[in-house]
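Okay, structure first, notes after.
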Protein chains: 2
Amino acid sequence: MFGGGGGKSPVTWSPSYFPVLSRARLAHCPASPRLVRKSRGPHGVRRRESPVSLSRRSSSSCLRSRLSGILSPPARYTRWTRRSPGVGVTMATVALVLGVSLLFGWAPLGAGATSQPPNIVFLLMDDMGWGDLGVFGEPSRETPHLDQMAAEGMLFPNFYTANPLCSPSRAALLTGRLPIRNGFYTTNGHARNAYTPQEIVGGIPDSEFLLPELLKKAGYVNKIVGKWHLGHRPQFHPLKHGFDEWFGSPNCHFGPYDNKAMPNIPVYRNWEMVGRFYEDFPINHKTGEANLTQIYLKEAVDFIKKQQAHQQPFFLYWAIDATHAPVYASKSFLGTSQRGRYGDAVREIDDSIGKILKLLQDLGIKENTFVFFTSDNGAALISAPKEGGSNGPFLCGKQTTFEGGLREPAIAWWPGHIPAGQVSHQLGNVMDLFTTGLSLAGLKPPSDREIDGIDLLPAIVQGKVIDRPIFYYRGNEMMAVRVGQYKAHYWTWSNSWEEFSQGIDFCPGQNVSGVTTHSQEEHTNLPLLFHLGRDPGERFPIRVSSLEYKDALLRIFPIVEEHKRTLIPGEPQLNVCNPAVMNWAPPGCEKLRRCLTPPESKPKKCFWLH
Amino acid sequence: MFGGGGGKSPVTWSPSYFPVLSRARLAHCPASPRLVRKSRGPHGVRRRESPVSLSRRSSSSCLRSRLSGILSPPARYTRWTRRSPGVGVTMATVALVLGVSLLFGWAPLGAGATSQPPNIVFLLMDDMGWGDLGVFGEPSRETPHLDQMAAEGMLFPNFYTANPLCSPSRAALLTGRLPIRNGFYTTNGHARNAYTPQEIVGGIPDSEFLLPELLKKAGYVNKIVGKWHLGHRPQFHPLKHGFDEWFGSPNCHFGPYDNKAMPNIPVYRNWEMVGRFYEDFPINHKTGEANLTQIYLKEAVDFIKKQQAHQQPFFLYWAIDATHAPVYASKSFLGTSQRGRYGDAVREIDDSIGKILKLLQDLGIKENTFVFFTSDNGAALISAPKEGGSNGPFLCGKQTTFEGGLREPAIAWWPGHIPAGQVSHQLGNVMDLFTTGLSLAGLKPPSDREIDGIDLLPAIVQGKVIDRPIFYYRGNEMMAVRVGQYKAHYWTWSNSWEEFSQGIDFCPGQNVSGVTTHSQEEHTNLPLLFHLGRDPGERFPIRVSSLEYKDALLRIFPIVEEHKRTLIPGEPQLNVCNPAVMNWAPPGCEKLRRCLTPPESKPKKCFWLH
């Protein structure tokens with residue numbers, strides 16, 4: 001209940017990082033948008049009754065000013081002075097920079113310094129594994145730009161995603177909350193991974209606050225490039241959840257389909273589709289050629305340039321998908337990797353990220369742009385070696401709650417703020433990007449709900465290590481937990497014997513007796529315990545009879561007990577499927593004369609195999 | 001037949017890298033030592049009839065002068081002018097430096113530049129795995145000095161040892177030859193790993209030329225610190241094979257023994273023992289405490305300082321063993337690693353290497369000292385997690401011919417010559433260190449025998465990649481070969497079912513069907529083929545019916561055929577064991593009153609389990 005209504009907002013300004021000495025100028029703004037009480041749509045999906053359709057200008061500067069009365073922090077903490085063209089750097093700006101410098105020990109910023117909050121760029125990979133980067137030990141070492149990014153920034157070797165599958169991890173990133181809370185899970189079976197294929201009815205609940213939605217209040221312009229994956233029906237559209245711009249697709253780039261049994265996946269520009277994969281945006285399965293990464297790169301570059309020209313703080317969520325099967329690369333990258341097609345895709349991504357970072361440098365805004373690189377889940381070993389990556393020394397991959405399923409490559413880059421070549425052993429999570437993003441914008445996370453993400457800035461800027469657990473969920477089950485170096489498996493499962501016997505293997509070449517089980521095994525009373533420092537590959541369970549086991553579990557049990565006791569699961573969004581909701585007639589199809597006729601509505605329980 | 005005798009020496013001067021414009025000054029030298037024809041000793045071991053006991057001075061400068069008539073290259077290629085104290089840099093020196101600079105594109109050297117050939121430092125680890133360094137993706141990233149060494153030098157992600165076990169790989173490093181050639185193998189069983197425990201009768205044959213032996217001819221002073229492992233009987237003593245100094249042990253630091261059934265392993269200083277492990281050099285199995293790495297560090301530091309003071313080119317072979325079970329660390333490092341005791345050992349080694357590199361810098365000789373870091377074989381997963389390391393993404397470990405058994409961490413460091421932060425995809429091998437060492441000294445390898453090591457300088461200094469195969473031997477069998485990215489297994493074996501059922505597992509948590517076999521499986525007609533770029537973990541054999549398989553084998557078959565056709569196996573040194581030859585009464589024991597009485601001689605065939 002934030003926005004025009006009265007009462008205490010769950011979003012508050014953060015006093016901790018950005019003491020600012022002047023108030024934002026009030027601007028003439030259009031009428032306040034009504035952000036009305038959320039209500040339930042069909043299939044239990046909450047939605048706003050009237051979509052937020054603020055223009056970018058109104059949504060950023062004006063909404064901020066309107067909210068200032070409601071959200072105002074104690075007098076000495078207010079918002080930045082946003083520098084408009086022609087308006088010089090105020091004394092307040094100088095004071096802000098000095099204040100921040102003193103607080104963080106930052107060097108005063110260079111030419112790129114402005115009074116704006118830092119721009120935020122999240123580079124989210126798709127199915128890229130921990131072991132896919134040179135800096136994380138990939139033997140071919142074909143990621144010079146990402147390695148350089150790490151050399152100039154901070155590496156997080158203990159960074160996790162919130163789920164071993166794409167949609168839930170992306171929902172977690174943008175909401176700062178575990179999928180079990182934000183609804184991105186299923187109760188159709190126990191401990192089943194679920195996501196958002198075309199048939200899915202659910203999506204991101206309207207009741208969830210997404211990062212871009214909140215960043216708007218700090219004047220940010222937000223763009224998503226690439227895969228959304230939080231639901232493709234109209235109410236789930238990213239521009240209804242805080243993004244100002246979108247170029248990309250709502251679902252995976254699977255296909256081609258015949259547009260009869262199943263439509264090809266649409267590609268959107270903002271509100272409307274502009275074409276479909278395989279038809280207008282070709283992906284050649286045979287050769288692996290597709291120029292999508294180049295398109296996504298251009299979208300990023302254009303957006304950054306535009307916001308910089310407008311002196312507008314921005315959030316870019318670059319959620320590209322070339323490393324998700326079917327993997328692809330542009331012609332000039334095909335055949336260039338020692339690693340085959342998957343490596344070609346990685347090389348093109350690496351090259352593109354190099355270009356993005358260079359652009360930030362060339363524009364003089366690198367010191368005012370926080371960039372974070374990570375991935376949505378572990379490498380899909382089921383697609384290896386041709387179309388799957390590497391989880392380095394870790395066990396199994398995507399779909400599992402072993403380290404290979406959730407440990408992610410991660411790099412923070414913010415020249416002038418992060419000393420070069422740092423390594424943080426902070427246990428991090430994609431959910432932290434939500435909280436950290438808010439913190440960068442001077443915002444505090446909503447106070448009316450449980451937020452799992454922590455603010456990483458103390459770890460990133462001050463080198464602190466914050467004690468926090470990592471929960472490994474698979475669907476509706478907490479399979480494992482990490483506390484310090486100890487990981488306790490409460491449940492183990494790779495996949496079923498039935499699947500496994502058909503050649504579906506999430507742990508190819510790996511088999512740890514009693515650990516990579518092909519039936520769901522409960523260990524709640526005596527969890528399987530590993531020390532991830534000594535044994536990152538989860539090969540050597542600690543003896544139950546040892547003192548070490550006892551001591552570790554004494555730490556872990558209360559944390560799990562508290563977590564389970566206080567957990568309020570969200571309404572599961574991934575239970576119902578219906579062929580009628582597929583991307584038959586996305587908005588904009590009329591203009592293109594590309595609308596397809598949906599079949600009869602036949603809602604059914606989605607079937608999740610593993 | 002080099003040295004005093006006539007005829008053509010197999011050792012020749014290399015014209016390729018070091019054109020020198022003046023002849024060495026002739027010095028007054030003691031009488032020529034008789035390096036007489038080699039003859040056979042007991043157990044088929046060749047030995048010199050009179051040991052070489054030249055003093056360092058005579059062996060370096062004088063032998064060199066004496067040999068000049070025999071070994072002299074074409075007139076324009078001769079030796080360096082060695083700079084004696086008080087003797088200034090000659091014009092010839094200047095010409096040399098310029099010549100080398102022109103040839104290699106090197107920048108003229110700085111303050112540390114001398115007319116000397118570069119010093120050579122080999123840092124050889126024991127059982128350290130490819131995945132044990134931060135720069136190779138170890139998640140705890142506890143090797144800042146080695147990572148920095150890589151950042152300043154050149155990383156070799158495709159570097160191998162010549163054998164998955166210690167003694168043969170060390171013999172290969174120092175001779176430049178495969179163990180099957182230099183005799184470091186057994187024929188007691190098929191494809192069995194063998195090494196040099198105390199009972200071993202054999203050792204490095206006198207007929208083999210070792211790197212230090214040859215380097216002496218270029219004026220080098222040579223020291224081995226740590227584990228020799230090429231035989232502990234008198235004729236195998238490192239000072240009889242080219243080393244001028246030794247501090248360390250002939251065998252592994254196993255123990256403690258009771259000095260009745262088996263003596264504790266002696267520690268030597270030069271010719272004589274100065275004590276024994278566990279008695280005089282304690283290793284506490286319970287706490288893991290031992291200060292040996294500190295002692296080895298001091299030995300290195302003192303040696304480097306001394307040679308630098310004498311303006312003497314030196315070869316330091318720092319063959320330490322803290323990462324070989326029983327792993328150990330000094331008190332100040334114990335308990336400091338996230339990885340447990342093994343990590344403590346790694347951290348102390350990393351710290352020590354940092355100190356060695358800093359010393360080279362402080363002494364102003366870093367630009368005249370070539371340093372290479374690598375390991376003798378893959379991590380001993382059988383000792384993991386407490387006392388074994390990590391092979392990163394590779395399959396299995398020590399004892400096997402999968403990548404985890406032979407792929408090694410490797411870094412070359414030579415400031416001013418190697419541009420910082422380079423990665424070379426050259427397929428390298430520890431045997432190359434022999435040839436590269438000679439090349440650095442301006443020497444060519446012996447021409448009367450097959451040398452498997454190649455000169456890495458073109459790869460290191462000029463960035464070239466030389467096409468060469470890697471042979472993976474286990475005992476008397478070529479198990480596999482790598483050609484380019486393709487690896488073909490002609491035989492597969494991890495260990496026997498019998499051993500495996502007793503819990504001895506060289507591939508814990510890993511099991512690739514038909515690959516990590518527990519019986520010796522021959523695939524000579526249709527080798528198991530892997531593409532190591534796409535599939536470094538050897539999990540996905542390439543289909544025999546594929547065109548790729550056919551094309552790859554068409555490249556591989558002739559290379560293997562040629563190798564086997566021309567191979568002349570050396571006389572196997574690791575067949576005979578005898579409790580009477582153990583370290584009962586090493587030289588020097590009389591002075592210490594620590595001689596033990598050997599039992600009756602009972603030669604027998606050594607039994608090699610795997």
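Ligands are numbered from 1 in the order shown, residues from 1 within each chain, and chains are lettered A, B, ... in the order they appear in the structure tokens.
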With 9 Å as the limit and counting only C-alpha atoms, what residues in chain B lie close to chain A? Please list them as a PyMOL selection string.
chain B and resi 131+134-141+157-158+337-343+384-386+389-395+423+425+485+508-513+531-540
Among region 355-440 of chain B, which residues does DSSP mark as strand (DSSP E) when it is run on the backbone? Keep the chain and numbering as in the structure and answer as a tab-separated table (two decimals) with N, CA and C atoms, in the first residue's frame.
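File produced: result_33.tsv:
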chain	number	residue	atom	x	y	z
B	369	THR	N	65.94	-13.94	-13.52
B	369	THR	CA	65.65	-15.22	-12.89
B	369	THR	C	64.34	-15.77	-13.46
B	370	PHE	N	64.44	-16.91	-14.07
B	370	PHE	CA	63.28	-17.57	-14.64
B	370	PHE	C	62.70	-18.50	-13.58
B	371	VAL	N	61.44	-18.28	-13.23
B	371	VAL	CA	60.81	-19.09	-12.18
B	371	VAL	C	59.65	-19.86	-12.79
B	372	PHE	N	59.57	-21.13	-12.49
B	372	PHE	CA	58.45	-21.93	-12.96
B	372	PHE	C	57.87	-22.71	-11.79
B	373	PHE	N	56.55	-22.62	-11.68
B	373	PHE	CA	55.83	-23.31	-10.61
B	373	PHE	C	54.98	-24.42	-11.21
B	374	THR	N	55.09	-25.60	-10.64
B	374	THR	CA	54.17	-26.67	-11.05
B	374	THR	C	54.15	-27.76	-9.98
B	375	SER	N	53.55	-28.88	-10.31
B	375	SER	CA	53.39	-29.95	-9.33
B	375	SER	C	53.76	-31.29	-9.95
B	407	ARG	N	47.10	-33.45	-15.14
B	407	ARG	CA	47.04	-32.01	-15.47
B	407	ARG	C	47.49	-31.23	-14.24
B	408	GLU	N	48.40	-30.30	-14.43
B	408	GLU	CA	49.04	-29.63	-13.29
B	408	GLU	C	48.85	-28.12	-13.34
B	411	ILE	N	52.78	-22.07	-13.72
B	411	ILE	CA	52.97	-20.62	-13.91
B	411	ILE	C	54.44	-20.36	-14.23
B	412	ALA	N	54.67	-19.58	-15.27
B	412	ALA	CA	56.02	-19.10	-15.56
B	412	ALA	C	56.10	-17.62	-15.18
B	413	TRP	N	57.22	-17.25	-14.59
B	413	TRP	CA	57.39	-15.86	-14.09
B	413	TRP	C	58.78	-15.39	-14.42
B	422	GLN	N	49.70	-13.14	-18.93
B	422	GLN	CA	49.50	-13.95	-20.13
B	422	GLN	C	48.97	-15.34	-19.79
B	423	VAL	N	48.27	-15.91	-20.75
B	423	VAL	CA	47.85	-17.31	-20.66
B	423	VAL	C	48.37	-18.00	-21.91
B	428	GLY	N	52.01	-28.27	-22.32
B	428	GLY	CA	53.32	-28.33	-21.70
B	428	GLY	C	53.46	-29.58	-20.85
B	429	ASN	N	54.68	-29.84	-20.46
B	429	ASN	CA	54.95	-31.04	-19.66
B	429	ASN	C	56.15	-30.76	-18.77
Residues of region 218-466 of chain B in alpha helix (DSSP H), written as number ranges by chain:
B: 292-309, 341-362, 403-406, 430-440, 457-462
Give me the residues within 9 Å of region 243-253 of chain A as a PyMOL selection string, counting only C-alpha atoms and dropping any in the same chain fewer than 5 places off.
chain A and resi 54-56+59+196-198+212-213+216+221-233+237-238+264-271+273+276-278+283+296+299+315+319-321+324-326
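In this structure, CA of Leu456 (chain B) sits 11.2 Å away from CA of Phe159 (chain B).
Interatomic distance, CA of His190 (chain A) to CA of Trp608 (chain A): 9.8 Å.
For the residues A:Lys286, A:His563, A:His523, A:Arg593, ranking by smallest atom-to-atom distance to Arg181 (chain A) using only C-alpha atoms places A:His563 first.
Near Lys550 (chain A), within a cut-off of 12 Å and counting only C-alpha atoms, sit the residues Tyr486, Ala488, Leu526, Pro527, Leu528, Leu529, Ile542, Arg543, Val544, Ser545, Ser546, Leu547, Leu553, Leu554, Arg555, Ile556 and Phe557 of chain A, with same-chain residues fewer than 3 positions away left out.
Shortest atom-to-atom contact with Ala162 (chain B) among B:Leu292, B:Leu211, B:Met478, B:Ala441: B:Met478, counting only C-alpha atoms.
Using only C-alpha atoms, the protein and nucleic acid residues lying no more than 6 Å from region 595-607 of chain B, apart from those fewer than 6 places from it along its own chain, are Asn575, Val576, Cys577, Asn578, Ala580, Trp584, Ala585 and Cys589 of chain B.
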Please, could you write that set of residues out with N, CA, C and O atoms as an mmCIF file, in the first residue's frame?
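New file selection_21.cif:
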data_model
loop_
_atom_site.group_PDB
_atom_site.id
_atom_site.type_symbol
_atom_site.label_atom_id
_atom_site.label_comp_id
_atom_site.auth_asym_id
_atom_site.auth_seq_id
_atom_site.Cartn_x
_atom_site.Cartn_y
_atom_site.Cartn_z
ATOM 1 N N ASN B 575 61.726 -52.397 -10.197
ATOM 2 C CA ASN B 575 61.278 -53.788 -10.107
ATOM 3 C C ASN B 575 61.711 -54.481 -8.822
ATOM 4 O O ASN B 575 61.018 -55.364 -8.340
ATOM 5 N N VAL B 576 62.874 -54.100 -8.315
ATOM 6 C CA VAL B 576 63.465 -54.878 -7.220
ATOM 7 C C VAL B 576 63.429 -54.105 -5.904
ATOM 8 O O VAL B 576 63.809 -52.936 -5.853
ATOM 9 N N CYS B 577 62.958 -54.762 -4.885
ATOM 10 C CA CYS B 577 62.933 -54.186 -3.544
ATOM 11 C C CYS B 577 63.767 -55.057 -2.612
ATOM 12 O O CYS B 577 63.945 -56.264 -2.848
ATOM 13 N N ASN B 578 64.274 -54.433 -1.565
ATOM 14 C CA ASN B 578 65.125 -55.165 -0.641
ATOM 15 C C ASN B 578 65.182 -54.395 0.669
ATOM 16 O O ASN B 578 65.642 -53.240 0.692
ATOM 17 N N ALA B 580 67.152 -54.522 2.920
ATOM 18 C CA ALA B 580 68.533 -54.204 3.325
ATOM 19 C C ALA B 580 68.997 -52.852 2.791
ATOM 20 O O ALA B 580 69.959 -52.273 3.315
ATOM 21 N N TRP B 584 69.157 -47.314 6.511
ATOM 22 C CA TRP B 584 69.652 -47.737 7.826
ATOM 23 C C TRP B 584 70.866 -46.919 8.251
ATOM 24 O O TRP B 584 70.935 -46.464 9.396
ATOM 25 N N ALA B 585 71.757 -46.758 7.323
ATOM 26 C CA ALA B 585 73.030 -46.119 7.702
ATOM 27 C C ALA B 585 73.490 -45.154 6.620
ATOM 28 O O ALA B 585 74.491 -45.365 5.941
ATOM 29 N N CYS B 589 75.894 -40.880 9.219
ATOM 30 C CA CYS B 589 75.262 -41.421 10.423
ATOM 31 C C CYS B 589 76.300 -41.706 11.508
ATOM 32 O O CYS B 589 76.002 -41.641 12.701
#
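Once Leu457 (chain A) and its same-chain neighbours fewer than 5 positions away are set aside, Thr436, Ser439, Leu440, Gln462, Gly463 and Lys464 of chain A remain within 9 Å of it when counting only C-alpha atoms.
If you measure from each of A:Gly570, A:Ala380, A:Met128, A:Ala150 to Leu357 (chain A) using only C-alpha atoms, the closest one turns out to be A:Ala150.
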